[in-house]
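What follows is a single structure, written as structure tokens, with notes after it.
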Amino acid sequence: MIVLTNYNQTTIKKAVSLKGVGIHTGKEVELTFKPADANNGYTFTRIDLEEKPIIEASIKHIFNTDRGTCLNKNNVKIQTCEHVLAALVGLEIDNVEIELNASEPPIMDGSSKFFVEALEFAGKKELNEKRKEFVVRNIISYKDSKSGSEITIIPSSEYQITTMVDFGTKVLGTQNATMNSIKNFKKDISDSRTFSFLHEIEMLLNKGLIKGGDLNNAIVYVDKPLSDPTMKKLKKAFNKKDIKVNPNGILDNLTLHYPNEAARHKLLDVIGDLALIGTKIRGRVIATKPGHYVNTQFARKMSFVIEEAIKERKKELKIGQAPKIEGKKPIMDLKKIKEILPHREPFLFIDEIYELTENEILGLKHIKPDEYFFEGHFPDYPILPGVIIVEAMAQIGGILVLTKVPDPEKYLTFFAKIDKVKFKNKVFPGDTIIFKCNLLNPVRRGICHMKCLAFVNRTLCAEAELTAQIVKVK
């Protein structure tokens, strides 16, 4: 469900830059965060290219998740963007333009720490637009059968993430990490550095990658014997005279920030990858053996669910608009209504029909002061009973669906379900209720599902979803 929160969207107060090297290219790169307007989201601009193309941080532009999350729009690429995006989400900054003079952000120390510090230096500013949020109501899951990786999101009061890491190695073991609130990101997650295994480092070096890597921007777990040829390669690649393995199985003299730093960094990656959904999330993510591929596949699924929720919300808003009948003539009077509906006074609650299409009907009921039910509901404060409003909704819905069958006088409609009933305003003697009813799904096997709204003086007084069954009785 998409909701507008009580919080305004945010951006940064001023531009801020930082420099470093790209982890794979080894080239120096400058990144600049710039303020952006509401609803801009996160965008990357390649200022090193002639036309300064813009690439939105969107799941639509994913093209590679090998050793990082990479975007591609019209053959313009942004590599390993997840640490930058995690910093923005972690500080609850909604809109930022990110300028780069190369294809990948600087790796810095392999975490989001330096991006967080730069953004905090720039300061945060509120914008006039409200922040949208996707509130998780149902469990959503994605599982990769090859790796056994799985991500699930369940309802929660805020954005929470738990990661469980198991690479099947003794040196790393099994690790878990949890973030119970996005407000804990800076303190508990942002400085968790990327990591790799020795066998992966050798493979990447052989491919000519990680040219910007050193032993200060990645934790290297030694999962195999360190041979002399491997030692020579590492010394050359990391420009080190001496390399050793610590007792905890980590290459060289790097000290872990946390015993479960690997799991925390995987949590950081999940935040950065799910930023590509483009919508703030309220729910608890549980990620088992996460990686960029499964993260982004889950993000794709979430994006689809959110897009469907947005469509449904737009549909509801369209349905929920107060209808106008001023200046219109009814297309059905009481006599014609009785030719379709079997109901009769005093239990007929629709007086006129003004519109009738394939999926929608519009009609009204004049609430006369002498209606029989006002004698007991309530004598000293007469108001229309809610059950009468719901019955009237069912009757106008019955007209809508019975016009779709031949010989409607031979059919009846019976309630199967009443759902999401809300009474928002009282209806009094002398009021006129305008009913608007829409089919939510095509009629199948005689079952119809409808959304009905009741308005008085262009104000919504009641709404409900009704399911009915059309039955031939003659």
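The chains in the structure tokens are called A, B, ... from first to last as shown; in each chain the residues are counted from 1, and the ligands are counted from 1 in the order shown.
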
Contacts of A:Ala468 within 7 Å, only C-alpha atoms, excl. fewer than 3 positions in-chain, as number ranges by chain: A: 413-417, 447-449

With only C-alpha atoms as the counted atoms, please give the residues lying no more than 10 Å from A:Ser157, apart from itself and same-chain residues fewer than 4 positions off, as an mmCIF file with C-alpha atoms, in the first residue's frame.
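Written file, around08.cif:
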```
data_model
loop_
_atom_site.group_PDB
_atom_site.id
_atom_site.type_symbol
_atom_site.label_atom_id
_atom_site.label_comp_id
_atom_site.auth_asym_id
_atom_site.auth_seq_id
_atom_site.Cartn_x
_atom_site.Cartn_y
_atom_site.Cartn_z
ATOM 1 C CA VAL A 135 3.719 -0.027 3.576
ATOM 2 C CA VAL A 136 4.121 -3.796 3.421
ATOM 3 C CA SER A 181 15.745 1.235 12.628
ATOM 4 C CA ARG A 282 8.061 0.287 5.724
ATOM 5 C CA GLY A 283 8.650 -3.382 6.407
ATOM 6 C CA ARG A 284 11.170 -5.892 7.762
#
```

With a distance cut-off of 12 Å and only C-alpha atoms, select the neighbouring residues of A:Thr32, excluding the residue or stretch itself and same-chain residues fewer than 3 positions from it, and output the selection as a short mmCIF file (atom, residue, chain, number, x, y, z; two decimals) with N, CA and C atoms, in the first residue's frame.
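And here's out_8.cif as it stands now:
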```
data_model
loop_
_atom_site.label_atom_id
_atom_site.label_comp_id
_atom_site.auth_asym_id
_atom_site.auth_seq_id
_atom_site.Cartn_x
_atom_site.Cartn_y
_atom_site.Cartn_z
N ILE A 12 19.88 17.92 0.28
CA ILE A 12 20.98 18.50 1.04
C ILE A 12 20.99 20.02 0.84
N LYS A 14 23.71 22.06 0.47
CA LYS A 14 24.73 22.58 -0.44
C LYS A 14 25.49 21.43 -1.08
N ALA A 15 26.22 21.75 -2.13
CA ALA A 15 27.03 20.73 -2.80
C ALA A 15 28.24 20.36 -1.97
N VAL A 16 28.66 19.12 -2.09
CA VAL A 16 29.86 18.65 -1.38
C VAL A 16 30.54 17.59 -2.24
N SER A 17 31.88 17.62 -2.25
CA SER A 17 32.64 16.70 -3.11
C SER A 17 33.63 15.88 -2.29
N LEU A 18 34.00 14.73 -2.83
CA LEU A 18 35.08 13.93 -2.25
C LEU A 18 35.76 13.16 -3.37
N LYS A 19 37.04 12.87 -3.15
CA LYS A 19 37.86 12.21 -4.17
C LYS A 19 38.39 10.89 -3.66
N GLY A 20 38.67 9.98 -4.60
CA GLY A 20 39.27 8.70 -4.27
C GLY A 20 39.56 7.96 -5.56
N VAL A 29 38.86 9.55 -9.08
CA VAL A 29 37.53 10.02 -9.45
C VAL A 29 37.05 11.01 -8.41
N PRO A 35 22.21 19.37 -4.26
CA PRO A 35 20.78 19.40 -3.90
C PRO A 35 19.91 19.11 -5.12
N THR A 43 19.92 10.57 -8.79
CA THR A 43 20.36 10.51 -10.18
C THR A 43 21.87 10.68 -10.25
N PHE A 44 22.48 9.96 -11.19
CA PHE A 44 23.92 10.09 -11.46
C PHE A 44 24.11 10.86 -12.75
N THR A 45 25.08 11.78 -12.77
CA THR A 45 25.42 12.53 -13.98
C THR A 45 26.88 12.31 -14.31
N ARG A 46 27.16 11.83 -15.52
CA ARG A 46 28.54 11.61 -15.97
C ARG A 46 29.07 12.91 -16.58
N ILE A 47 29.69 13.76 -15.78
CA ILE A 47 30.17 15.05 -16.28
C ILE A 47 31.44 14.92 -17.11
N VAL A 84 27.22 4.30 -2.12
CA VAL A 84 26.74 5.68 -2.18
C VAL A 84 25.25 5.74 -1.86
N VAL A 96 18.81 13.69 -4.42
CA VAL A 96 20.19 14.17 -4.58
C VAL A 96 20.63 13.91 -6.02
N GLU A 97 21.35 14.88 -6.58
CA GLU A 97 22.04 14.68 -7.85
C GLU A 97 23.49 14.33 -7.53
N ILE A 98 23.99 13.27 -8.18
CA ILE A 98 25.35 12.78 -7.92
C ILE A 98 26.16 12.93 -9.20
N GLU A 99 27.13 13.81 -9.17
CA GLU A 99 27.98 14.03 -10.34
C GLU A 99 29.26 13.21 -10.23
N LEU A 100 29.67 12.59 -11.33
CA LEU A 100 30.88 11.77 -11.37
C LEU A 100 31.68 12.12 -12.62
N ASN A 101 33.00 12.13 -12.49
CA ASN A 101 33.84 12.33 -13.68
C ASN A 101 34.49 11.02 -14.13
N ALA A 102 33.83 9.92 -13.79
CA ALA A 102 34.26 8.57 -14.20
C ALA A 102 33.06 7.65 -14.07
N PRO A 105 32.00 5.39 -8.56
CA PRO A 105 32.31 6.22 -7.41
C PRO A 105 33.63 5.78 -6.78
N PRO A 106 34.27 6.65 -6.01
CA PRO A 106 35.48 6.23 -5.30
C PRO A 106 35.15 5.17 -4.26
N PHE A 115 31.02 8.75 2.63
CA PHE A 115 29.87 9.36 1.97
C PHE A 115 28.92 9.95 3.02
N ALA A 118 30.43 13.21 4.29
CA ALA A 118 30.29 14.29 3.32
C ALA A 118 28.85 14.82 3.30
N LEU A 119 27.88 13.92 3.33
CA LEU A 119 26.48 14.33 3.30
C LEU A 119 26.09 15.07 4.58
N ALA A 122 27.26 18.55 4.27
CA ALA A 122 26.40 19.34 3.39
C ALA A 122 25.12 19.77 4.09
#
```

Who sits within 8 Å of A:Ala57, only C-alpha atoms, same chain under 3 positions skipped, as an MDAnalysis selection string: chainID A and resid 41:44 61 71 275:276 278

Residues at most 8 Å from A:Ala218, counting only C-alpha atoms, excluding those fewer than 6 positions away in the same chain, as a CSV table (one decimal) with C-alpha atoms, in the first residue's frame?
```csv
chain,number,residue,atom,x,y,z
A,109,ASP,CA,37.5,2.5,2.6
A,110,GLY,CA,35.0,0.0,1.2
A,193,ARG,CA,33.7,-2.5,4.9
A,194,THR,CA,33.4,-4.7,1.8
A,195,PHE,CA,35.2,-8.1,2.0
A,196,SER,CA,36.4,-10.8,-0.3
```
